[in-house]
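Only one structure is covered here, and it is reproduced in the block below.
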Amino acid sequence: MAARGPRKIDPREPEQRLAALLDDGSMEGITPVDTSGLWAVRGKIDGAKVIAFCTDATRMGGAMGAAGCHHIVAAIDTAVRERVPVIGLWHSGGARLAEGVEALDGVGNVFAAMVRASGRIPQISVVLGPAAGGAAYGPALTDIVIMAPEGRVFVTGPDVVKSVTGEQVDMESLGGPTAHGRKSGVVHVVAKSEEDALGRARRLVGLFSRPGIAGIAGMVDELDLSTLLPEQRNRAYDVHPLINSLLDEPMEELQAKWAPNIVIGLGRLAGRSVGIVANNPIRLGGCLDSTSAEKASRFVRMCDAFGIPLLVIVDVPGYLPGVGQEWDGVVRRGAKLLHAFAEAVVPRVTLVTRKAFGGAYIAMNSKSLGATAVFAWPGAEVAVMGAKAAVGILHRRTLAAAPDDEREALHAKLAEEHERVAGGVARAVELGVVDEIITPTETRRRVAEALASAPAGRGAHGNIPL
């Protein structure tokens, strides 16, 4: 009888996936290797201690039974006790049908453990395959969701959707990277491969676990950041080059394709982890709207929960007007951003590069909401609206009565007077709502100094998925 060859290793096995996530030789089991379809381990990422768990896609499609759910709860509770991040690798069809309500109760216990841990330790989910039903809400309750190309997240699959609504859709269109990276905002990071997904998780763990010290490590290089903005002040531009030039290295952007008129992400400034919130004028002119306000507010609360300082880069003409916005809850959802900044206790510095108008000026970490420091570049405008537009309303009769050949000069003169009295960065400094006008060249240093000199803080709240 011919001897059998070595067993072929399935790359979906938890041991293989967890080994690819963690430092070599650092993995140590904290739950038994059994038939539960779940394995939890203790390990390290770049030397930082973490807890991780992985559903076993080779057993019943990774379906979650009572025993497997108990292992997840044990992993999360262990991470809370040891005050380390927890990473979940998800590839699961949801609750085990054969176990019925017992499996549902187990999944509910997982959700409760995640909520208990919310805001206390970073929770990162990496979706490597289908994650349906209870396995969809598991990642959604965590702080950051990373999706590999084969990842899928949905509450009900295509067959159920078709039987109930008559809609025909495949798994990728229903819950793949495009659906959740661009349309729903469920996924924070869309990865290029499973390897990239695990690598992105490792980098994010580093930003949480090794935040750096509250001081300036060495001299901060000074760069002329003004070259990154167009010469014409009314021209749109992409804010990403400015953000990445402010930081030590390119940021880890979150939800890049969803509500792209605001940019959020994590990076380092002077060696210290910081969160970035920035208007992006190349998208909707940088206006705030209902979706972008919600996106930013959840991020602000996450950073506050974990004591990560914030840098807010402002170039905003106001809120996006329209019936659709009002019906989409821009007032309710915009209020979330006001609440998030006003509640935050972490150091948070605002930089106004060109303009900050109207209610959006307040919402973007204004002094009135408790900003640590507000800086502005020369020529920036801070007002209810642009001086020229304001004069067009306040002095419309005077302008209408002026001769055609004199109207433009009169408009410019009145705008200059209005800015001197009611708006403009000089008036903002005089009122104390802007602390100082700084040059683009000294910006990196001044922001780093302001963040370093502020008392450290950490919000005492969870990180509910807003």
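Residues are named by chain letter and number: chains run A, B, ... in the order of the structure tokens, numbers start at 1 in each chain, and ligands are numbered from 1 in the order shown.
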Q) segment 49-65 of chain A: which residues within 8 Å, counting only C-alpha atoms, same-chain residues fewer than 5 positions away excluded, as a ChimeraX atom specification? A) /A:10,12-14,17-18,35-44,72,75-76,78-79,84-96,99,102-103,106-107,135
Query - Neighbour list for segment 177-187 of chain A as a VMD selection string, cut-off 12 Å, only C-alpha atoms, skip fewer than 2 positions in-chain - result: chain A and resid 124 to 130 136 to 154 169 to 175 189 to 193 197 253 to 260 291 to 292 294 to 296 298 465 to 466
Open item on the list: List as an MDAnalysis selection string the protein and nucleic acid residues near segment 233-244 of chain A, meaning an atom at most 9 Å away when only C-alpha atoms are counted, but skip any in the same chain fewer than 6 places from it.
Closed with: chainID A and resid 225:226 250:251 263 267 276 278:283 285:286 313 354
Judged by only C-alpha atoms, the minimum distance to Leu288 of chain A among A:Arg458, A:Arg203, A:Arg407, A:Arg333 is found for A:Arg333
- prompt: Near Met302 of chain A, counting only C-alpha atoms, which residues have an atom at most 9 Å away, once you skip same-chain residues fewer than 6 positions from it, shown as a count of residues only?
  reply: 7
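Excluding Thr227 of chain A itself and any same-chain residue fewer than 2 positions from it, the protein and nucleic acid residues within 10 Å of it, counting only C-alpha atoms, are Leu223, Asp224, Leu225, Leu229, Pro230, Glu231, Leu242, Pro440 and Thr441 of chain A.
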Got time to write the residues from that selection, C-alpha atoms, as a compact mmCIF listing (two decimals), in the first residue's frame?
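See out_5.txt below for the written result:
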```
# COMPACT_ATOMS: atom_id res chain seq x y z
CA LEU A 223 8.79 72.78 4.30
CA ASP A 224 7.15 75.48 2.19
CA LEU A 225 3.68 73.98 2.10
CA LEU A 229 -2.05 75.05 -3.01
CA PRO A 230 -3.02 76.66 -6.34
CA GLU A 231 -2.12 80.31 -6.90
CA LEU A 242 -0.63 68.74 1.83
CA PRO A 440 3.25 77.70 5.61
CA THR A 441 6.99 77.09 6.11
```
Non-local contacts of Val345 of chain A (9 Å; only C-alpha atoms; under 4 positions in same chain excluded) as a list in words: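 Here the answer would be Asp304, Gly307, Phe341, Gly370, Ala456, Gly457, Arg458 and Gly459 of chain A.
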Write to file, as a PDB file, in the first residue's frame, the residues of the selection just made, with N, CA, C and O atoms.
```
ATOM      1  N   ASP A 304     -10.417  60.236  20.096  1.00  0.00           N
ATOM      2  CA  ASP A 304     -10.565  60.707  21.478  1.00  0.00           C
ATOM      3  C   ASP A 304     -10.591  59.529  22.446  1.00  0.00           C
ATOM      4  O   ASP A 304      -9.998  59.589  23.524  1.00  0.00           O
ATOM      5  N   GLY A 307      -7.016  58.393  22.919  1.00  0.00           N
ATOM      6  CA  GLY A 307      -6.007  59.375  23.291  1.00  0.00           C
ATOM      7  C   GLY A 307      -5.096  59.801  22.160  1.00  0.00           C
ATOM      8  O   GLY A 307      -3.947  60.184  22.395  1.00  0.00           O
ATOM      9  N   PHE A 341     -16.504  66.923  18.402  1.00  0.00           N
ATOM     10  CA  PHE A 341     -15.408  67.848  18.717  1.00  0.00           C
ATOM     11  C   PHE A 341     -15.601  68.487  20.088  1.00  0.00           C
ATOM     12  O   PHE A 341     -14.647  68.612  20.868  1.00  0.00           O
ATOM     13  N   GLY A 370     -13.640  74.161  21.651  1.00  0.00           N
ATOM     14  CA  GLY A 370     -12.581  73.716  22.545  1.00  0.00           C
ATOM     15  C   GLY A 370     -11.270  73.341  21.889  1.00  0.00           C
ATOM     16  O   GLY A 370     -10.464  72.623  22.499  1.00  0.00           O
ATOM     17  N   ALA A 456      -2.109  65.744  27.836  1.00  0.00           N
ATOM     18  CA  ALA A 456      -2.663  64.552  27.223  1.00  0.00           C
ATOM     19  C   ALA A 456      -4.059  64.311  27.776  1.00  0.00           C
ATOM     20  O   ALA A 456      -4.377  64.679  28.906  1.00  0.00           O
ATOM     21  N   GLY A 457      -4.909  63.717  26.980  1.00  0.00           N
ATOM     22  CA  GLY A 457      -6.259  63.410  27.423  1.00  0.00           C
ATOM     23  C   GLY A 457      -6.785  62.183  26.696  1.00  0.00           C
ATOM     24  O   GLY A 457      -6.249  61.780  25.655  1.00  0.00           O
ATOM     25  N   ARG A 458      -7.801  61.575  27.270  1.00  0.00           N
ATOM     26  CA  ARG A 458      -8.433  60.415  26.636  1.00  0.00           C
ATOM     27  C   ARG A 458      -9.891  60.394  27.031  1.00  0.00           C
ATOM     28  O   ARG A 458     -10.222  60.420  28.229  1.00  0.00           O
ATOM     29  N   GLY A 459     -10.755  60.384  26.052  1.00  0.00           N
ATOM     30  CA  GLY A 459     -12.189  60.426  26.341  1.00  0.00           C
ATOM     31  C   GLY A 459     -12.686  59.174  27.047  1.00  0.00           C
ATOM     32  O   GLY A 459     -12.245  58.064  26.756  1.00  0.00           O
TER      33      GLY A 459
END
```
